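Colleague: Next up is a structure, given as structure tokens.
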Amino acid sequence: MSRTIVTKVARATLRSLQGISRNTRITSTPFAAASLLPRATVPRFYSTAGPNGNMITPDKQPVQPKEEAAPTVVRAATELTDDEYHKLADQYMDRLVTHLEELQDEREDIDVEYSAGVLTVSFDDGIGTYVINKQPPNKQIWLSSPKSGPKRYDYVALGDGQNEKEGTAKGEWVYLRDNSTINQLFRDELQIDLSMPVGHYGEEEA
């Protein structure tokens, strides 16, 4: 009887040891443990070869330098008293009328009229009529073009007025939206250069 009990105990002990041995091999094997872990996501990089065989990858794209915009010259209207405005505007209108009347004597397709401060310049070749006049409430000179529409010109002094001697500062009547002048409009639209004597258009100033 005692021998049978001893035999059963020995068999039970052997099975227990075998179970522990099997469990120990599974948990202690590094490959088996690693196979149970989730695989890490590895980022993929794609590249293409250019026509010259050089490899181009997203992190090796050439960086294009940014082009710097040319500085814009901002002009502002010069503050004028009423007397200064009328003096400057009348002087300009007188020069303009004189120049265009001289041009009228040279060409048959131009008709110039100046009355009550309003200057009209008509062209017979289908261009139309330009109207130029003073606008005292705004201290401006207004121009209406059959090609580009109405424009309002302000007087802009050239240079720093504080450093100019009284009465010697120069200026221009400027359309502040695009910094163009009346002379530029006549030159661009009519090929008339108001800065040159009649009959000398296209010649360089001495």
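Labels for the structure tokens follow display order: chains A, B, ..., residues from 1 in each chain, ligands from 1.
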Identify, on the basis of only C-alpha atoms, every residue whose closest approach to A:Glu172 does not exceed 8 Å; exclude the query and any residue fewer than 4 positions from it along the same chain; express the result as a list of chain:residue names.

Modeller: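 Selected residues are A:Tyr155, A:Val156, A:Ala157, A:Leu158, A:Thr181.
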
Colleague: Residues of stretch 72-148 of chain A classed as strand (DSSP E or B) by DSSP on the backbone are to be reported as a PyMOL selection string.

Modeller: chain A and resi 110-115+118-123+128-135+140-145

Colleague: Go ahead and write the residues just picked, C-alpha atoms, as a PDB file, in the first residue's frame.

Modeller:
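As written to disk, selection.pdb reads:
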ATOM      1  CA  ILE A 110      -6.062 118.544 -83.752  1.00  0.00           C
ATOM      2  CA  ASP A 111      -8.531 121.140 -82.476  1.00  0.00           C
ATOM      3  CA  VAL A 112      -7.699 122.969 -79.231  1.00  0.00           C
ATOM      4  CA  GLU A 113     -10.143 125.134 -77.263  1.00  0.00           C
ATOM      5  CA  TYR A 114      -9.590 126.799 -73.886  1.00  0.00           C
ATOM      6  CA  SER A 115     -12.483 128.628 -72.241  1.00  0.00           C
ATOM      7  CA  VAL A 118     -11.621 124.149 -69.377  1.00  0.00           C
ATOM      8  CA  LEU A 119      -9.234 122.830 -72.038  1.00  0.00           C
ATOM      9  CA  THR A 120     -10.571 120.495 -74.746  1.00  0.00           C
ATOM     10  CA  VAL A 121      -8.316 118.749 -77.238  1.00  0.00           C
ATOM     11  CA  SER A 122     -10.121 116.948 -80.055  1.00  0.00           C
ATOM     12  CA  PHE A 123      -8.607 114.590 -82.613  1.00  0.00           C
ATOM     13  CA  GLY A 128     -11.873 111.394 -79.423  1.00  0.00           C
ATOM     14  CA  THR A 129     -11.696 114.412 -77.123  1.00  0.00           C
ATOM     15  CA  TYR A 130      -9.554 115.022 -74.036  1.00  0.00           C
ATOM     16  CA  VAL A 131     -10.894 117.401 -71.392  1.00  0.00           C
ATOM     17  CA  ILE A 132      -8.596 119.015 -68.803  1.00  0.00           C
ATOM     18  CA  ASN A 133      -9.656 121.469 -66.109  1.00  0.00           C
ATOM     19  CA  LYS A 134      -8.828 122.794 -62.649  1.00  0.00           C
ATOM     20  CA  GLN A 135     -10.742 121.489 -59.653  1.00  0.00           C
ATOM     21  CA  GLN A 140      -6.428 119.034 -58.285  1.00  0.00           C
ATOM     22  CA  ILE A 141      -6.336 119.013 -62.067  1.00  0.00           C
ATOM     23  CA  TRP A 142      -8.864 116.667 -63.605  1.00  0.00           C
ATOM     24  CA  LEU A 143      -8.429 114.957 -66.961  1.00  0.00           C
ATOM     25  CA  SER A 144     -10.868 112.869 -68.957  1.00  0.00           C
ATOM     26  CA  SER A 145      -9.376 110.562 -71.601  1.00  0.00           C
TER      27      SER A 145
END

Colleague: As a PDB file with N, CA and C atoms, in the first residue's frame, please: all residues of stretch 96-172 of chain A that backbone DSSP puts in alpha helix (DSSP H).

Modeller:
ATOM      1  N   LEU A  96       0.422 124.192 -70.912  1.00  0.00           N
ATOM      2  CA  LEU A  96      -0.228 123.120 -71.660  1.00  0.00           C
ATOM      3  C   LEU A  96      -0.975 123.673 -72.872  1.00  0.00           C
ATOM      4  N   VAL A  97      -1.713 124.761 -72.667  1.00  0.00           N
ATOM      5  CA  VAL A  97      -2.458 125.371 -73.769  1.00  0.00           C
ATOM      6  C   VAL A  97      -1.499 125.883 -74.838  1.00  0.00           C
ATOM      7  N   THR A  98      -0.434 126.551 -74.421  1.00  0.00           N
ATOM      8  CA  THR A  98       0.530 127.082 -75.388  1.00  0.00           C
ATOM      9  C   THR A  98       1.149 125.964 -76.222  1.00  0.00           C
ATOM     10  N   HIS A  99       1.526 124.871 -75.579  1.00  0.00           N
ATOM     11  CA  HIS A  99       2.143 123.765 -76.293  1.00  0.00           C
ATOM     12  C   HIS A  99       1.163 123.135 -77.282  1.00  0.00           C
ATOM     13  N   LEU A 100      -0.073 122.905 -76.854  1.00  0.00           N
ATOM     14  CA  LEU A 100      -1.042 122.243 -77.720  1.00  0.00           C
ATOM     15  C   LEU A 100      -1.496 123.153 -78.864  1.00  0.00           C
ATOM     16  N   GLU A 101      -1.545 124.469 -78.631  1.00  0.00           N
ATOM     17  CA  GLU A 101      -1.889 125.378 -79.714  1.00  0.00           C
ATOM     18  C   GLU A 101      -0.782 125.426 -80.761  1.00  0.00           C
ATOM     19  N   GLU A 102       0.468 125.346 -80.328  1.00  0.00           N
ATOM     20  CA  GLU A 102       1.579 125.251 -81.277  1.00  0.00           C
ATOM     21  C   GLU A 102       1.489 123.957 -82.083  1.00  0.00           C
ATOM     22  N   LEU A 103       1.094 122.890 -81.395  1.00  0.00           N
ATOM     23  CA  LEU A 103       0.937 121.614 -82.095  1.00  0.00           C
ATOM     24  C   LEU A 103      -0.221 121.677 -83.086  1.00  0.00           C
ATOM     25  N   GLN A 104      -1.261 122.428 -82.732  1.00  0.00           N
ATOM     26  CA  GLN A 104      -2.411 122.592 -83.623  1.00  0.00           C
ATOM     27  C   GLN A 104      -2.007 123.302 -84.910  1.00  0.00           C
ATOM     28  N   ASP A 105      -1.065 124.238 -84.801  1.00  0.00           N
ATOM     29  CA  ASP A 105      -0.587 124.937 -85.993  1.00  0.00           C
ATOM     30  C   ASP A 105       0.202 124.010 -86.903  1.00  0.00           C
ATOM     31  N   GLU A 106       0.769 122.945 -86.337  1.00  0.00           N
ATOM     32  CA  GLU A 106       1.583 122.016 -87.122  1.00  0.00           C
ATOM     33  C   GLU A 106       0.752 120.879 -87.724  1.00  0.00           C
TER      34      GLU A 106
END

Colleague: Which value, in Å to one decimal, gives the distance between atom CA of A:Thr81 and atom CA of A:Tyr153?

Modeller: 16.4 Å

Colleague: Which residues are close to A:His86, i.e. within 8 Å by only C-alpha atoms, leaving aside same-chain residues fewer than 4 positions away? Reply as a list of chain:residue names.

Modeller: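 Non-adjacent residues within range: A:Asp82, A:Asp90, A:Pro136.
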
Colleague: One decimal, Å: what's the distance from atom CA of A:Arg187 over to atom CA of A:Ala76, could you say?

Modeller: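 Distance reported for this atom pair: 23.1 Å.
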
Colleague: Grab the atom CA of A:Asp125 to atom CA of A:Tyr92 distance for me, in Å with one decimal place.

Modeller: 26.8 Å
